[in-house]
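> First the structure, then my questions, so here it is.
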Amino acid sequence: MPRASVREQIVDAAFEQFHRHGYNACGVKLITDSAGVPKGSFYNHFESKEALALVIMDRYGETRHLNLLRTADTPPLTRLRDHFEALASDIEDVGYDRGCVFGNFSTEAADHIPAIRSGVKAAFDAWADAIGAVIHEAQEDGSLVTTQGASTLARFVLNAWEGAIVGERAAKDGASFGAFFTVVFGTLLH
């Protein structure tokens with residue numbers, strides 16, 4: 001039976017390497033070298049690089065500050081803004097050098113690898129559902145008066161966020177995040 005510690009070393013290294021370099025630029029050797037384990041040990045724990053990528057998407061999802069969306073004692077639109085501000089801070093803290101693993105995998109691998117496409121779709125759907133629940137709550141309590149459906153607004157906000165990340169990776173100046181917050185929270189969800 002494979003040792004869990006070696007598996008975790010591989011997952012930790014893959015999390016860092018996939019986030020830093022993307023799916024296509026990360027080979028099994030880069031991951032195992034980063035983990036400090038022999039390349040052959042990879043296949044004791046994972047069927048393929050794609051299987052490892054699915055584990056990484058799950059782990060990445062755990063770091064997306066979704067807990068901020070569920071803080072019951074905070075107004076819904078404040079929770080939503082806090083969620084995106086935490087995400088922006090994460091990206092700013094690394095000098096805008098890393099984007100979103102879901103977005104990166106989507107642009108790099110979803111067209112060619114069905115398992116990645118399915119994983120990315122599930123991740124975006126779950127995230128949009130969480131955002132939509134908060135928007136719906138704001139509509140219910142009257143703090144958001146638009147009649148546009150919460151799920152449509154949530155998908156738009158999530159897509160706008162992913163676009164803002166792309167803009168920041170190119171410019172590295174905060175302008176795309178600034179535009180996101182201005183339009184989303186100053187106009188769309190106001």
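Letters for chains follow the order of the structure tokens (A, B, ...), residue numbers begin at 1 for each chain, and ligand numbers begin at 1 in the order shown.
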Residues of stretch 155-176 of chain A that have any atom at most 10 Å from an atom of stretch 85-95 of chain A: could you tabulate them with the shortest-distance atom pair and the distance in Å to one decimal, using only C-alpha atoms, ordered by chain and increasing number, as a Markdown table?

```
| residue | atom | partner | partner_atom | distance |
| --- | --- | --- | --- | --- |
| A:Trp161 | CA | A:Ala88 | CA | 9.4 |
| A:Ala164 | CA | A:Ala88 | CA | 9.6 |
| A:Ile165 | CA | A:Ile91 | CA | 8.3 |
| A:Glu168 | CA | A:Ile91 | CA | 8.8 |
| A:Arg169 | CA | A:Gly95 | CA | 8.7 |
| A:Lys172 | CA | A:Gly95 | CA | 7.0 |
| A:Asp173 | CA | A:Glu92 | CA | 9.1 |
| A:Gly174 | CA | A:Glu92 | CA | 8.0 |
```
> Keeping C-alpha atoms for every residue in the selection just given, could you write it to a file as a compact mmCIF listing (two decimals), in the first residue's frame?

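Wrote out-v9.txt, looks like this:
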```txt
# COMPACT_ATOMS: atom_id res chain seq x y z
CA TRP A 161 -13.84 37.87 -12.13
CA ALA A 164 -10.21 40.49 -14.33
CA ILE A 165 -7.61 37.90 -13.33
CA GLU A 168 -4.13 41.56 -13.92
CA ARG A 169 -1.75 38.86 -15.08
CA LYS A 172 0.00 43.67 -12.90
CA ASP A 173 -1.31 47.06 -11.80
CA GLY A 174 -4.62 46.52 -10.00
```
> Find the distance between atom CA of A:Arg20 and atom CA of A:Gly99 and write it in Å to one decimal.
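Value for the atom CA of A:Arg20-atom CA of A:Gly99 distance: 8.3 Å.
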> Which residues are close to stretch 49-56 of chain A, i.e. within 6 Å by only C-alpha atoms, leaving aside same-chain residues fewer than 3 positions away? Reply as number ranges by chain.
A: 15, 59-60
> I need the chosen residues saved as a CSV table (one decimal), in the first residue's frame, with all heavy atoms.

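Output file result12.csv follows:
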```csv
chain,number,residue,atom,x,y,z
A,15,PHE,N,0.3,21.1,-6.5
A,15,PHE,CA,-0.5,22.3,-6.3
A,15,PHE,C,0.3,23.5,-6.6
A,15,PHE,O,-0.2,24.4,-7.3
A,15,PHE,CB,-1.0,22.3,-4.8
A,15,PHE,CG,-1.9,23.4,-4.5
A,15,PHE,CD1,-3.3,23.3,-4.7
A,15,PHE,CD2,-1.4,24.6,-4.0
A,15,PHE,CE1,-4.1,24.3,-4.4
A,15,PHE,CE2,-2.3,25.7,-3.7
A,15,PHE,CZ,-3.6,25.5,-3.9
A,59,ARG,N,-8.5,20.5,-4.2
A,59,ARG,CA,-7.7,21.2,-3.1
A,59,ARG,C,-7.7,22.7,-3.4
A,59,ARG,O,-7.9,23.5,-2.4
A,59,ARG,CB,-6.2,20.7,-3.1
A,59,ARG,CG,-5.5,21.5,-2.0
A,59,ARG,CD,-4.1,20.9,-1.7
A,59,ARG,NE,-4.3,19.6,-1.0
A,59,ARG,CZ,-3.3,18.9,-0.5
A,59,ARG,NH1,-2.0,19.4,-0.7
A,59,ARG,NH2,-3.4,17.8,0.1
A,60,TYR,N,-7.6,23.2,-4.6
A,60,TYR,CA,-7.7,24.6,-4.9
A,60,TYR,C,-9.0,25.2,-4.5
A,60,TYR,O,-9.1,26.3,-4.0
A,60,TYR,CB,-7.4,24.8,-6.4
A,60,TYR,CG,-7.4,26.3,-6.8
A,60,TYR,CD1,-6.3,27.1,-6.5
A,60,TYR,CD2,-8.4,26.8,-7.5
A,60,TYR,CE1,-6.3,28.4,-6.8
A,60,TYR,CE2,-8.4,28.1,-7.9
A,60,TYR,CZ,-7.4,28.9,-7.5
A,60,TYR,OH,-7.4,30.3,-7.9
```
> Using only C-alpha atoms, which protein or nucleic acid residues come within 12 Å of A:Glu8? Drop anything in the same chain fewer than 4 positions from it, and give the result as a ChimeraX atom specification.
/A:2-4,12-15,31-32,35-37,41-42,45-46,52,55-56,59
> Any chance you could export the current selection's N, CA and C atoms as a short mmCIF file (atom, residue, chain, number, x, y, z; two decimals), in the first residue's frame?

```cif
data_model
loop_
_atom_site.label_atom_id
_atom_site.label_comp_id
_atom_site.auth_asym_id
_atom_site.auth_seq_id
_atom_site.Cartn_x
_atom_site.Cartn_y
_atom_site.Cartn_z
N PRO A 2 0.57 2.24 -0.85
CA PRO A 2 1.40 3.45 -0.93
C PRO A 2 1.37 4.25 0.37
N ARG A 3 2.49 4.87 0.67
CA ARG A 3 2.58 5.70 1.88
C ARG A 3 1.87 7.02 1.62
N ALA A 4 1.02 7.44 2.55
CA ALA A 4 0.26 8.68 2.41
C ALA A 4 1.18 9.89 2.36
N ASP A 12 1.17 18.29 -2.74
CA ASP A 12 1.63 19.63 -2.36
C ASP A 12 2.49 20.25 -3.46
N ALA A 13 3.39 19.46 -4.00
CA ALA A 13 4.27 19.96 -5.07
C ALA A 13 3.46 20.27 -6.32
N ALA A 14 2.52 19.41 -6.67
CA ALA A 14 1.70 19.63 -7.86
C ALA A 14 0.83 20.87 -7.69
N PHE A 15 0.30 21.07 -6.51
CA PHE A 15 -0.51 22.27 -6.26
C PHE A 15 0.30 23.52 -6.58
N ILE A 31 7.02 17.74 -11.23
CA ILE A 31 6.25 17.57 -9.99
C ILE A 31 7.00 16.68 -9.01
N THR A 32 7.50 15.54 -9.47
CA THR A 32 8.20 14.64 -8.55
C THR A 32 9.52 15.23 -8.09
N ALA A 35 8.68 17.57 -5.44
CA ALA A 35 8.26 16.85 -4.24
C ALA A 35 9.43 16.14 -3.56
N GLY A 36 10.54 15.99 -4.29
CA GLY A 36 11.69 15.27 -3.74
C GLY A 36 11.46 13.77 -3.65
N VAL A 37 10.70 13.25 -4.61
CA VAL A 37 10.43 11.81 -4.64
C VAL A 37 10.80 11.27 -6.02
N SER A 41 7.47 6.84 -8.20
CA SER A 41 6.51 6.84 -7.10
C SER A 41 5.21 7.56 -7.45
N PHE A 42 5.27 8.42 -8.46
CA PHE A 42 4.06 9.12 -8.90
C PHE A 42 2.98 8.10 -9.26
N HIS A 45 0.65 6.33 -6.82
CA HIS A 45 -0.40 7.12 -6.19
C HIS A 45 -1.42 7.69 -7.16
N PHE A 46 -1.03 7.86 -8.42
CA PHE A 46 -1.91 8.49 -9.40
C PHE A 46 -1.84 7.72 -10.72
N LEU A 52 -4.21 13.47 -11.15
CA LEU A 52 -3.64 14.38 -10.16
C LEU A 52 -4.25 15.77 -10.31
N VAL A 55 -7.40 16.11 -8.40
CA VAL A 55 -7.15 16.27 -6.96
C VAL A 55 -6.75 17.72 -6.67
N ILE A 56 -5.94 18.28 -7.52
CA ILE A 56 -5.49 19.66 -7.33
C ILE A 56 -6.67 20.62 -7.44
N ARG A 59 -8.46 20.54 -4.16
CA ARG A 59 -7.69 21.24 -3.13
C ARG A 59 -7.73 22.75 -3.37
#
```
> Out of A:Asp129, A:Asp33, A:Glu47, A:Asp82, which residue has the shortest atom-to-atom distance to A:His65 when counting only C-alpha atoms?
A:Asp82
> In Å to one decimal, how far is atom CA of A:Val120 from atom CA of A:Ser106?
6.3 Å
> Counting only C-alpha atoms, figure out which residue out of A:Gly22, A:Gly103, A:Gly27, A:Pro75 gets nearest to A:Glu162.
A:Gly103
> If we count only C-alpha atoms, what is near A:His83 at a cut-off of 12 Å, once residues fewer than 5 positions away on the same chain are taken out, given as a list in words?
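Skipping anything fewer than 5 positions along the chain leaves Thr63, Arg64, His65, Leu66, Asn67, Leu68, Leu69, Arg70, Thr71, Thr74, Pro76, Leu77, Thr78, Ala88, Ser89, Asp90, Trp127, Ala130, Ile131, Val134, Leu158, Trp161 and Phe181 of chain A.
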> Using DSSP on the backbone, list every residue of stretch 34-99 of chain A that comes out as helix (DSSP H, G or I), and give them as a ChimeraX atom specification.
/A:34-35,39-45,49-61,66-70,76-93
